[in-house]
>>> print(open('run36.txt').read())   # compact mmCIF, C-alpha atoms
# COMPACT_ATOMS: atom_id res chain seq x y z
CA MET A 1 0.00 0.00 0.00
CA SER A 2 1.38 3.38 -1.00
CA GLY A 3 2.53 5.47 1.94
CA ALA A 4 2.11 2.62 4.40
CA GLU A 5 4.78 1.31 6.68
CA GLU A 6 5.02 -2.46 7.01
CA VAL A 7 4.44 -3.39 10.65
CA GLU A 8 4.71 -6.98 11.78
CA ILE A 9 2.50 -7.80 14.75
CA PRO A 10 3.45 -11.13 16.37
CA GLU A 11 0.85 -13.84 16.70
CA VAL A 12 0.28 -14.96 20.28
CA ASN A 13 -0.63 -18.62 20.03
CA TYR A 14 1.30 -19.93 22.96
CA VAL A 15 2.79 -18.57 26.19
CA SER A 16 5.11 -20.54 28.46
CA GLY A 17 6.91 -19.75 31.68
CA SER A 18 7.03 -20.14 35.41
CA ALA A 19 4.24 -18.51 37.38
CA VAL A 20 3.49 -16.34 40.38
CA PRO A 21 0.27 -16.70 42.41
CA ILE A 22 -1.54 -13.49 43.39
CA ARG A 23 -4.35 -14.45 45.74
CA GLY A 24 -7.42 -12.37 46.50
CA ASN A 25 -10.67 -11.30 44.84
CA ASP A 26 -11.40 -7.79 43.55
CA ILE A 27 -7.78 -6.68 43.27
CA ASP A 28 -8.27 -3.32 41.58
CA THR A 29 -6.06 -1.26 39.32
CA ASP A 30 -5.12 1.10 42.16
CA GLN A 31 -3.60 -1.85 43.99
CA ILE A 32 -1.84 -2.98 40.82
CA ILE A 33 -0.34 0.47 40.23
CA PRO A 34 -1.04 3.27 42.75
CA ALA A 35 -2.15 6.55 41.19
CA ARG A 36 0.91 8.51 42.37
CA PHE A 37 3.12 6.48 40.04
CA MET A 38 1.05 7.39 36.99
CA LYS A 39 2.54 10.87 36.61
CA VAL A 40 4.95 9.71 33.94
CA VAL A 41 5.52 10.69 30.33
CA THR A 42 6.17 7.09 29.24
CA PHE A 43 5.43 3.69 30.76
CA ASP A 44 9.13 2.85 31.11
CA GLY A 45 10.07 1.87 34.64
CA LEU A 46 6.51 1.21 35.83
CA GLY A 47 7.32 -2.44 36.52
CA GLU A 48 9.13 -1.71 39.78
CA PHE A 49 6.00 -0.04 41.15
CA ALA A 50 3.60 -2.93 40.46
CA PHE A 51 1.62 -3.75 43.64
CA PHE A 52 3.81 -1.19 45.43
CA ASP A 53 1.52 -0.48 48.40
CA LEU A 54 0.94 -4.20 48.89
CA ARG A 55 4.69 -4.87 48.76
CA PHE A 56 6.09 -2.02 50.90
CA ASP A 57 5.08 -0.16 54.06
CA ASP A 58 5.21 3.61 54.55
CA ASP A 59 8.95 3.39 55.27
CA ASP A 60 9.59 1.38 52.09
CA ASN A 61 10.26 -1.80 54.07
CA GLN A 62 9.23 -4.97 52.25
CA LYS A 63 6.02 -6.70 53.25
CA GLU A 64 5.09 -10.27 52.45
CA HIS A 65 4.04 -10.42 48.82
CA PRO A 66 4.81 -12.87 46.00
CA PHE A 67 6.37 -10.12 43.86
CA ASN A 68 8.97 -9.65 46.63
CA GLU A 69 9.90 -13.33 46.82
CA GLU A 70 13.12 -14.35 45.14
CA ARG A 71 11.61 -17.63 43.91
CA PHE A 72 9.09 -15.77 41.74
CA GLN A 73 11.39 -13.12 40.23
CA ASP A 74 11.63 -14.83 36.84
CA SER A 75 7.90 -15.53 36.55
CA SER A 76 6.09 -14.57 33.35
CA VAL A 77 2.62 -15.99 34.08
CA MET A 78 0.38 -14.67 36.85
CA VAL A 79 -2.40 -16.72 38.44
CA VAL A 80 -5.14 -14.62 40.02
CA ASN A 81 -8.64 -14.98 41.44
CA SER A 82 -11.97 -13.25 40.75
CA ASN A 83 -12.65 -9.82 39.23
CA PHE A 84 -8.97 -9.01 38.82
CA GLY A 85 -8.25 -5.54 37.46
CA CYS A 86 -11.51 -3.94 38.57
CA GLY A 87 -11.80 -0.26 39.47
CA SER A 88 -10.59 2.57 37.26
CA SER A 89 -9.72 1.88 33.65
CA ARG A 90 -6.07 2.95 33.88
CA GLU A 91 -3.97 1.35 31.17
CA HIS A 92 -0.95 1.77 33.45
CA ALA A 93 -2.00 -1.40 35.33
CA PRO A 94 -1.25 -3.96 32.59
CA GLN A 95 1.70 -1.82 31.47
CA ALA A 96 3.22 -2.16 34.96
CA LEU A 97 2.64 -5.91 35.00
CA MET A 98 4.11 -6.36 31.53
CA ARG A 99 7.17 -4.32 32.45
CA TRP A 100 7.62 -6.41 35.60
CA GLY A 101 7.77 -9.43 33.28
CA ILE A 102 4.23 -10.78 32.97
CA ASP A 103 3.31 -12.24 29.55
CA ALA A 104 -0.03 -13.89 30.40
CA ILE A 105 -2.58 -14.01 33.21
CA ILE A 106 -4.77 -16.94 34.26
CA GLY A 107 -7.66 -16.17 36.58
CA GLU A 108 -11.24 -16.80 37.63
CA SER A 109 -12.47 -13.57 36.00
CA PHE A 110 -11.23 -10.18 34.84
CA ALA A 111 -12.68 -6.70 34.67
CA GLU A 112 -13.63 -6.14 31.03
CA ILE A 113 -11.64 -2.94 30.49
CA PHE A 114 -8.56 -4.41 32.16
CA ALA A 115 -8.74 -7.46 29.88
CA GLY A 116 -9.06 -5.14 26.88
CA ASN A 117 -6.01 -3.16 27.97
CA CYS A 118 -4.10 -6.42 28.34
CA LEU A 119 -5.12 -7.47 24.84
CA ALA A 120 -3.73 -4.19 23.48
CA LEU A 121 -0.33 -5.34 24.81
CA GLY A 122 -0.65 -8.91 23.53
CA ILE A 123 -1.20 -10.32 27.05
CA PRO A 124 -3.75 -13.16 27.12
CA THR A 125 -6.22 -13.18 30.03
CA VAL A 126 -7.60 -16.71 30.25
CA THR A 127 -10.18 -17.96 32.74
CA ALA A 128 -11.13 -21.12 34.62
CA ASP A 129 -13.40 -21.92 37.55
CA SER A 130 -12.47 -21.16 41.16
CA GLU A 131 -11.51 -24.70 42.12
CA THR A 132 -9.23 -25.06 39.09
CA ILE A 133 -7.53 -21.74 39.76
CA GLN A 134 -6.95 -22.50 43.44
CA ALA A 135 -5.42 -25.86 42.55
CA LEU A 136 -3.14 -24.14 40.05
CA GLN A 137 -2.10 -21.50 42.61
CA ASP A 138 -1.28 -24.24 45.11
CA TRP A 139 0.81 -26.05 42.49
CA VAL A 140 2.68 -22.84 41.63
CA ASP A 141 3.39 -22.25 45.32
CA ALA A 142 4.86 -25.74 45.62
CA ASN A 143 6.65 -25.58 42.24
CA PRO A 144 7.91 -22.00 41.75
CA ASP A 145 10.23 -23.09 38.96
CA GLY A 146 7.59 -25.25 37.29
CA GLU A 147 6.65 -24.51 33.70
CA ILE A 148 3.13 -23.54 32.72
CA ASP A 149 2.13 -23.77 29.05
CA ILE A 150 -0.83 -21.76 27.77
CA ASP A 151 -2.25 -22.76 24.41
CA VAL A 152 -4.36 -19.75 23.47
CA GLU A 153 -5.93 -21.22 20.34
CA ALA A 154 -6.77 -24.61 21.91
CA GLU A 155 -7.84 -22.97 25.20
CA GLN A 156 -5.77 -25.28 27.34
CA VAL A 157 -3.22 -24.86 30.12
CA THR A 158 -0.69 -27.56 30.95
CA TYR A 159 1.32 -27.78 34.17
CA GLY A 160 3.00 -30.75 35.82
CA ASP A 161 0.98 -33.79 34.73
CA GLU A 162 -2.23 -31.78 34.37
CA THR A 163 -3.91 -30.30 31.34
CA ILE A 164 -6.92 -28.11 32.08
CA ASP A 165 -9.49 -26.47 29.86
CA VAL A 166 -9.63 -22.69 30.07
CA THR A 167 -11.68 -20.02 28.33
CA VAL A 168 -10.33 -17.28 26.12
CA ASP A 169 -12.80 -14.63 24.97
CA ASP A 170 -13.58 -15.30 21.29
CA ALA A 171 -12.62 -11.84 20.08
CA GLN A 172 -9.45 -11.88 22.18
CA ARG A 173 -8.43 -15.31 20.91
CA LYS A 174 -8.98 -14.30 17.29
CA ALA A 175 -6.97 -11.09 17.71
CA LEU A 176 -4.07 -12.84 19.44
CA VAL A 177 -3.89 -15.87 17.16
CA GLU A 178 -4.23 -13.83 13.96
CA GLY A 179 -1.80 -11.15 15.11
CA VAL A 180 -4.23 -8.23 14.95
CA TRP A 181 -4.20 -7.27 18.64
CA ASP A 182 -2.04 -4.14 18.28
CA THR A 183 -4.55 -1.64 16.89
CA THR A 184 -2.08 1.24 17.03
CA ALA A 185 0.37 -0.63 14.84
CA LEU A 186 -2.43 -1.61 12.47
CA MET A 187 -3.45 2.01 12.04
CA LYS A 188 0.17 3.02 11.48
CA SER A 189 0.63 0.35 8.84
CA ASN A 190 -2.52 1.62 7.10
CA ALA A 191 -1.69 5.31 7.43
CA GLY A 192 -2.62 5.98 3.81
CA GLU A 193 -6.14 4.68 4.32
CA VAL A 194 -6.46 6.61 7.59
CA ARG A 195 -5.48 9.82 5.80
CA LYS A 196 -7.88 9.11 2.94
CA LYS A 197 -10.79 8.57 5.33
CA ALA A 198 -9.91 11.73 7.28
CA GLN A 199 -9.97 13.76 4.07
CA GLU A 200 -13.48 12.47 3.34
CA LEU A 201 -14.85 13.64 6.68
CA PRO A 202 -16.23 17.20 6.42
CA TYR A 203 -15.66 17.99 10.09
CA VAL A 204 -11.95 17.17 10.08
CA GLU A 205 -9.77 20.21 9.46
CA ASP A 206 -6.77 19.89 7.13
CA ALA A 207 -4.32 20.58 9.97
CA ALA A 208 -5.67 17.57 11.86
CA ILE A 209 -5.24 15.11 9.01
CA PRO A 210 -2.30 12.77 9.74
CA ASP A 211 0.67 12.48 7.45
CA ALA A 212 0.60 9.11 5.69
CA GLU A 213 4.34 8.99 5.15
>>> encode(input="run36.txt", output="structure tokens")
Amino acid sequence: MSGAEEVEIPEVNYVSGSAVPIRGNDIDTDQIIPARFMKVVTFDGLGEFAFFDLRFDDDDNQKEHPFNEERFQDSSVMVVNSNFGCGSSREHAPQALMRWGIDAIIGESFAEIFAGNCLALGIPTVTADSETIQALQDWVDANPDGEIDIDVEAEQVTYGDETIDVTVDDAQRKALVEGVWDTTALMKSNAGEVRKKAQELPYVEDAAIPDAE
């Protein structure tokens, strides 16, 4: 396409790695990344502030939290409980988790906007029932170096000798597997078409029309 920049968006069919269990229902985005750390120009460096108020006291002394434990420092999969990511719609929450090292999240349920913000980063949010999640969290606790394999397309998670069925939202699965989850990159790669459409809209001033090159 003339004026378009080729952008390759990776397909996310499969995620593997050791895991970290984060227990508790209704963990909101303010707990994931406190508002005072959102006064940044870029998302760089947000990872160190993930779960900050749950990890440190007022004097910056460490509290008990899985993100502080040495055995979980190389984890790339997070296992959570119900309604994870509720509260305000801040996109900084999944950004902080991704920059800490999280590539996928398995849980009982997720707040819809949080799951959408994760999708925009290529992070699958897959679900299973409460009993299955608790069993997985217990296994992760006992096997911090154990590998968890998430098959996004097949909607299965394998760990130890177990393979469990999980659910991936249909639209999310399609976007991840087909490599169309990064909407910003898609728009950039189709800049010519974006410019053409903007020129057709009578309420868009010339100065606001993006450069296709």
>>> residues_around(input="run36.txt", residues="Asn83 (chain A)", least_positions_apart="3", cutoff="8 Å", atoms="all atoms listed in the file", output="ChimeraX atom specification")
/A:25-27,86,108-111
>>> write_last_selection(input="run36.txt", atoms="C-alpha atoms", output="PDB file, keeping the file's coordinate frame")
ATOM      1  CA  ASN A  25     -10.670 -11.300  44.840  1.00  0.00           C
ATOM      2  CA  ASP A  26     -11.400  -7.790  43.550  1.00  0.00           C
ATOM      3  CA  ILE A  27      -7.780  -6.680  43.270  1.00  0.00           C
ATOM      4  CA  CYS A  86     -11.510  -3.940  38.570  1.00  0.00           C
ATOM      5  CA  GLU A 108     -11.240 -16.800  37.630  1.00  0.00           C
ATOM      6  CA  SER A 109     -12.470 -13.570  36.000  1.00  0.00           C
ATOM      7  CA  PHE A 110     -11.230 -10.180  34.840  1.00  0.00           C
ATOM      8  CA  ALA A 111     -12.680  -6.700  34.670  1.00  0.00           C
TER       9      ALA A 111
END
>>> closest_residue(input="run36.txt", among="A:Lys174, A:His92, A:Arg71, A:Arg55", to="Phe37 (chain A)", atoms="all atoms listed in the file")
A:His92
>>> closest_atom_pairs(input="run36.txt", of="region 63-97 of chain A", to="region 142-150 of chain A", cutoff="12 Å", atoms="only C-alpha atoms", output="Markdown table")
| residue | atom | partner | partner_atom | distance |
| --- | --- | --- | --- | --- |
| A:Pro66 | CA | A:Pro144 | CA | 10.5 |
| A:Glu69 | CA | A:Pro144 | CA | 10.2 |
| A:Glu70 | CA | A:Pro144 | CA | 9.9 |
| A:Arg71 | CA | A:Pro144 | CA | 6.1 |
| A:Phe72 | CA | A:Pro144 | CA | 6.3 |
| A:Gln73 | CA | A:Pro144 | CA | 9.7 |
| A:Asp74 | CA | A:Asp145 | CA | 8.6 |
| A:Ser75 | CA | A:Asp145 | CA | 8.3 |
| A:Ser76 | CA | A:Ile148 | CA | 9.5 |
| A:Val77 | CA | A:Ile148 | CA | 7.7 |
| A:Met78 | CA | A:Ile148 | CA | 10.2 |
| A:Val79 | CA | A:Ile148 | CA | 10.5 |
>>> residues_around(input="run36.txt", residues="Thr29 (chain A)", least_positions_apart="5", cutoff="7 Å", atoms="only C-alpha atoms", output="list in words")
Gly85, Cys86, Gly87, Ser88, Arg90 and Ala93 of chain A
>>> closest_residue(input="run36.txt", among="A:Leu119, A:Gly24, A:Ala171, A:Leu46", to="Gly107 (chain A)", atoms="only C-alpha atoms")
A:Gly24
>>> atom_distance(input="run36.txt", atom1="CA of Asp44 (chain A)", atom2="CA of Trp100 (chain A)")
10.4 Å
>>> atom_distance(input="run36.txt", atom1="CA of Ala19 (chain A)", atom2="CA of Ile113 (chain A)")
23.3 Å
>>> closest_residue(input="run36.txt", among="A:Gln134, A:Asn68, A:Ser89, A:Thr127", to="Arg23 (chain A)", atoms="all atoms listed in the file")
A:Gln134
>>> decode(input="run36.txt", residues="region 138-162 of chain A", atoms="N, CA and C atoms", output="compact mmCIF listing (two decimals), in the first residue's frame")
# COMPACT_ATOMS: atom_id res chain seq x y z
N ASP A 138 -1.96 -23.36 44.15
CA ASP A 138 -1.28 -24.24 45.11
C ASP A 138 -0.09 -24.94 44.45
N TRP A 139 -0.27 -25.37 43.21
CA TRP A 139 0.81 -26.05 42.49
C TRP A 139 1.97 -25.08 42.25
N VAL A 140 1.64 -23.85 41.87
CA VAL A 140 2.68 -22.84 41.63
C VAL A 140 3.45 -22.56 42.91
N ASP A 141 2.74 -22.47 44.03
CA ASP A 141 3.39 -22.25 45.32
C ASP A 141 4.39 -23.36 45.63
N ALA A 142 4.01 -24.58 45.32
CA ALA A 142 4.86 -25.74 45.62
C ALA A 142 5.93 -25.96 44.56
N ASN A 143 5.72 -25.38 43.37
CA ASN A 143 6.65 -25.58 42.24
C ASN A 143 6.96 -24.24 41.58
N PRO A 144 7.67 -23.35 42.29
CA PRO A 144 7.91 -22.00 41.75
C PRO A 144 8.71 -21.97 40.46
N ASP A 145 9.46 -23.03 40.20
CA ASP A 145 10.23 -23.09 38.96
C ASP A 145 9.52 -23.91 37.89
N GLY A 146 8.33 -24.41 38.23
CA GLY A 146 7.59 -25.25 37.29
C GLY A 146 7.08 -24.47 36.09
N GLU A 147 7.06 -25.14 34.95
CA GLU A 147 6.65 -24.51 33.70
C GLU A 147 5.14 -24.63 33.51
N ILE A 148 4.53 -23.54 33.10
CA ILE A 148 3.13 -23.54 32.72
C ILE A 148 3.05 -23.19 31.24
N ASP A 149 2.29 -23.99 30.49
CA ASP A 149 2.13 -23.77 29.05
C ASP A 149 0.68 -23.38 28.77
N ILE A 150 0.50 -22.24 28.13
CA ILE A 150 -0.83 -21.76 27.77
C ILE A 150 -0.99 -21.83 26.26
N ASP A 151 -1.92 -22.66 25.82
CA ASP A 151 -2.25 -22.76 24.41
C ASP A 151 -3.49 -21.90 24.17
N VAL A 152 -3.28 -20.71 23.63
CA VAL A 152 -4.36 -19.75 23.47
C VAL A 152 -5.42 -20.26 22.50
N GLU A 153 -4.98 -20.78 21.37
CA GLU A 153 -5.93 -21.22 20.34
C GLU A 153 -6.74 -22.43 20.81
N ALA A 154 -6.08 -23.39 21.46
CA ALA A 154 -6.77 -24.61 21.91
C ALA A 154 -7.50 -24.41 23.24
N GLU A 155 -7.24 -23.28 23.90
CA GLU A 155 -7.84 -22.97 25.20
C GLU A 155 -7.53 -24.06 26.24
N GLN A 156 -6.24 -24.29 26.37
CA GLN A 156 -5.77 -25.28 27.34
C GLN A 156 -4.53 -24.76 28.06
N VAL A 157 -4.40 -25.17 29.32
CA VAL A 157 -3.22 -24.86 30.12
C VAL A 157 -2.65 -26.17 30.64
N THR A 158 -1.36 -26.34 30.49
CA THR A 158 -0.69 -27.56 30.95
C THR A 158 0.35 -27.20 32.00
N TYR A 159 0.32 -27.94 33.11
CA TYR A 159 1.32 -27.78 34.17
C TYR A 159 1.50 -29.11 34.86
N GLY A 160 2.74 -29.45 35.22
CA GLY A 160 3.00 -30.75 35.82
C GLY A 160 2.46 -31.85 34.92
N ASP A 161 1.62 -32.72 35.50
CA ASP A 161 0.98 -33.79 34.73
C ASP A 161 -0.46 -33.45 34.37
N GLU A 162 -0.84 -32.20 34.57
CA GLU A 162 -2.23 -31.78 34.37
C GLU A 162 -2.40 -30.94 33.10
